[in-house]
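K.L.:
This structure is in structure tokens; I'll ask about it shortly.
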Amino acid sequence: MENRSACAVCGGESVFKCSACGNVYYCSKKHQKEDWKRHVQFCRAFKLAESSTLGRYYIAARNIKAGEIVLKDDRPLVAGPMHNSVPVCLGCYMVLHENTAVPCTKCGWPLCQNCKEHGTECDFTSSRRSDKVSITKFGYPHPSYQCINVIRALSLKDNNIESYNKLLTLESHSDKIKNKETFIFEESSNLVNFIKRFFKSEDIPEEDIRKIIGVLQVNGHEVPLTDPPYVAVYELASLLEHNCKANCSKSFTDTGGLIIHAATPITKGDHISICYTDPLWGTMNRRHHLLETKYFECTCDRCRDPTEFGAMFNAIRCSEIDCSGYVLPKTFLGDHREDYVCTNCATVVPLEIIEETLEDIGIHLSEMRKNDIDVCKEFLNRYKNVLHPNHFYNIDVTIALAQLIGQQSGLEADEEELLVEKKESCKKLDNLLKLLAPAENRIRGLILFEMHATLAELSRRRTDGDTVLLLLESKKCLIDAYELLKYEPKVLPEGKIAGTAKKNLQKINEVLKQFNVMANQCA
């Protein structure tokens, strides 16, 4: 290798470099190995690749351990209110009402009473309008807010050309937006026309506006640090590809940065992925959402397998007498949707019947009270002979049920039978999530924390040798929950639970220590 830098350990002549990042040099393999513990904190774990089908994407430059930070964007390229936002303060995104909104003295966009400044839309608006913006209706989505992120992005051309150029390199799927027969084209055209009319921006090419609209749509991340959340586009994270069974999870910093960390061990050369949609939706719902919002058809391993790795997440029980099988289509891919076929007796069920059944159950689910334990149990019992136990509708209700038990009166007031039911539900959910969506750290962490609390309460009620075993199991759940939630910001419930988990772990260790002392005294 050509010598270009000194050894990072001794400063001597270098003959090796880090194969993952290529930024650090060494005089020998020995010094490279000695420096790894330090260098791993700065070494890029990924490298950029490109293909005709995926475009640009990342692959692992080295083996990556579960929980390891893969990449981090300290700040977004552009951020702003959601597309369908109600009137919010453009400084802090707090919801505004008629009696709390204070128009900006320069441009007219309303702010809260605490914010005096906001984004680049202020100069953009005041320089392109003869009168100030006037927002008079509050409490429901306001169409004027659809333009905020677009004009913030356009303003980068004058205020931060480097960020503007980075933004323009991101995927926009502008070819699909140009298709005049699609709803996407109509919605995009309406926004383009509004911006040109509202801001007297004839000097801005229509293609630039359409490009920005596409970039924001395809690459936007919903940031839950405010209520309502806002949307942001990040430079590095925008090149992560999608997978319904992603190997990476994302978290946000308290200041709005983005952290991508490995949810599973990733082998050198593997693709690095996150999930763009809700992985707990059924296959058709996930694929439809991705097509409508990200403009591509998902063909990941999970979508290609109708059984979803044997989980039967979309399966419906066969209605034939004495048949214990379940019906699924041969594939969910392609433009033509197929009838469902029993995995046991090969009976064919027309797609229309399946859709009608799922629509009826979906309506029931949307209308039922999910904060009621009995109602959740009634739903699961009502459809036990219709849906597979792992069907996504059942899992939705099971998650709610697992969190509801002990929520109102406290676990200590619940009967043991109910606690055992909660423990079994949490265990089932954890196993299913590890199979289908191992990167869903937030829900996995919450479920494991619930199981920890349940096991701890069951151990408190025991007077035999099971106490220590239950405490050890509870401790393991607690450790796993903390590892899953440790990157969550403290302003979110998940971040607060991570803090609680850390404190509870100390308490469990103290209790277990007491048991060890007692055991030694009895020996």
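Note on naming: chains are A, B, ... as they come in the structure tokens, residues start from 1 per chain, ligands start from 1 in the order shown.
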Could you list, as a PyMOL selection string, every residue within 9 Å of A:His221, counting only C-alpha atoms and ignoring same-chain residues fewer than 4 positions away?
P.N.:
chain A and resi 216+230-234+276
K.L.:
Write a file of the selected residues as a PDB file, in the first residue's frame, keeping N, CA and C atoms.
P.N.:
```pdb
ATOM      1  N   LEU A 216     -38.479  15.569  -0.172  1.00  0.00           N
ATOM      2  CA  LEU A 216     -39.088  15.633   1.162  1.00  0.00           C
ATOM      3  C   LEU A 216     -40.002  14.440   1.407  1.00  0.00           C
ATOM      4  N   TYR A 230     -42.723  16.598  14.022  1.00  0.00           N
ATOM      5  CA  TYR A 230     -42.358  17.303  12.804  1.00  0.00           C
ATOM      6  C   TYR A 230     -41.617  16.343  11.886  1.00  0.00           C
ATOM      7  N   VAL A 231     -41.307  16.780  10.673  1.00  0.00           N
ATOM      8  CA  VAL A 231     -40.638  15.923   9.706  1.00  0.00           C
ATOM      9  C   VAL A 231     -39.262  16.501   9.396  1.00  0.00           C
ATOM     10  N   ALA A 232     -38.278  15.612   9.157  1.00  0.00           N
ATOM     11  CA  ALA A 232     -36.909  16.063   8.891  1.00  0.00           C
ATOM     12  C   ALA A 232     -36.255  15.153   7.856  1.00  0.00           C
ATOM     13  N   VAL A 233     -35.347  15.735   7.075  1.00  0.00           N
ATOM     14  CA  VAL A 233     -34.566  14.981   6.092  1.00  0.00           C
ATOM     15  C   VAL A 233     -33.103  15.018   6.523  1.00  0.00           C
ATOM     16  N   TYR A 234     -32.477  13.843   6.604  1.00  0.00           N
ATOM     17  CA  TYR A 234     -31.095  13.726   7.061  1.00  0.00           C
ATOM     18  C   TYR A 234     -30.195  13.258   5.916  1.00  0.00           C
ATOM     19  N   TYR A 276     -39.186   1.626   6.456  1.00  0.00           N
ATOM     20  CA  TYR A 276     -39.821   2.897   6.133  1.00  0.00           C
ATOM     21  C   TYR A 276     -41.288   2.956   6.557  1.00  0.00           C
TER      22      TYR A 276
END
```
K.L.:
Can you tell me which residues surround stretch 200-207 of chain A at a distance of at most 7 Å, considering only C-alpha atoms, apart from same-chain residues fewer than 6 positions away, and format the answer as a count of residues only?
P.N.:
3
K.L.:
Taking 2 positions as the minimum chain separation for residues in the same chain, which residues sit within 10 Å of stretch 78-84 of chain A when counting only C-alpha atoms? Answer as a PyMOL selection string.
P.N.:
chain A and resi 75-76+86-93+119+140-150+152-154+156+163-164+167+216-217+220-223+228-235+256
K.L.:
Enumerate, in order of chain and increasing residue number, the residues of stretch 108-206 of chain A with an atom no farther than 12 Å from stretch 48-55 of chain A, each with its shortest atom pair and distance in Å to one decimal, counting only C-alpha atoms, as JSON lines.
P.N.:
```
{"residue": "A:Thr169", "atom": "CA", "partner": "A:Gly55", "partner_atom": "CA", "distance": 11.6}
{"residue": "A:Leu170", "atom": "CA", "partner": "A:Gly55", "partner_atom": "CA", "distance": 10.3}
{"residue": "A:Glu171", "atom": "CA", "partner": "A:Gly55", "partner_atom": "CA", "distance": 8.6}
{"residue": "A:Ser172", "atom": "CA", "partner": "A:Gly55", "partner_atom": "CA", "distance": 11.7}
{"residue": "A:His173", "atom": "CA", "partner": "A:Gly55", "partner_atom": "CA", "distance": 11.2}
```
K.L.:
Export, as a compact mmCIF listing (two decimals), in the first residue's frame, the selected residues with N, CA and C atoms.
P.N.:
```
# COMPACT_ATOMS: atom_id res chain seq x y z
N THR A 169 -29.14 15.82 -4.24
CA THR A 169 -28.59 14.52 -4.65
C THR A 169 -29.44 13.35 -4.16
N LEU A 170 -30.40 13.62 -3.26
CA LEU A 170 -31.22 12.55 -2.70
C LEU A 170 -32.30 12.13 -3.67
N GLU A 171 -32.77 10.90 -3.51
CA GLU A 171 -33.80 10.35 -4.39
C GLU A 171 -35.10 11.13 -4.25
N SER A 172 -35.71 11.46 -5.40
CA SER A 172 -36.99 12.18 -5.38
C SER A 172 -38.08 11.43 -6.13
N HIS A 173 -37.71 10.41 -6.91
CA HIS A 173 -38.65 9.70 -7.78
C HIS A 173 -39.46 10.69 -8.61
```
K.L.:
Given only C-alpha atoms, how would the per-residue table for stretch 256-325 of chain A near stretch 345-364 of chain A read, listing every residue at most 8 Å away with its closest atom pair and distance in Å to one decimal, sorted by chain and number, as a Markdown table?
P.N.:
```
| residue | atom | partner | partner_atom | distance |
| --- | --- | --- | --- | --- |
| A:Cys318 | CA | A:Thr347 | CA | 7.9 |
| A:Glu320 | CA | A:Thr347 | CA | 7.9 |
| A:Cys323 | CA | A:Cys345 | CA | 7.0 |
| A:Gly325 | CA | A:Cys345 | CA | 7.0 |
```
K.L.:
Could you save the residues just selected, with C-alpha atoms, as a short mmCIF file (atom, residue, chain, number, x, y, z; two decimals), in the first residue's frame?
P.N.:
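Written out: again22.cif:
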```
data_model
loop_
_atom_site.label_atom_id
_atom_site.label_comp_id
_atom_site.auth_asym_id
_atom_site.auth_seq_id
_atom_site.Cartn_x
_atom_site.Cartn_y
_atom_site.Cartn_z
CA CYS A 318 -59.77 -22.42 6.66
CA GLU A 320 -63.74 -26.28 5.71
CA CYS A 323 -59.61 -28.75 8.48
CA GLY A 325 -55.23 -25.30 8.04
#
```
K.L.:
Among stretch 57-264 of chain A, which residues does DSSP mark as alpha helix (DSSP H) when it is run on the backbone? Keep the chain and numbering as in the structure and answer as a VMD selection string.
P.N.:
chain A and resid 121 to 128 148 to 159 161 to 168 174 to 177 183 to 198 206 to 219
K.L.:
Using only C-alpha atoms, which protein or nucleic acid residues come within 8 Å of stretch 370-386 of chain A? Drop anything in the same chain fewer than 4 positions from it, and give the result as number ranges by chain.
P.N.:
A: 316-318, 394, 397-398, 400-401, 404-405
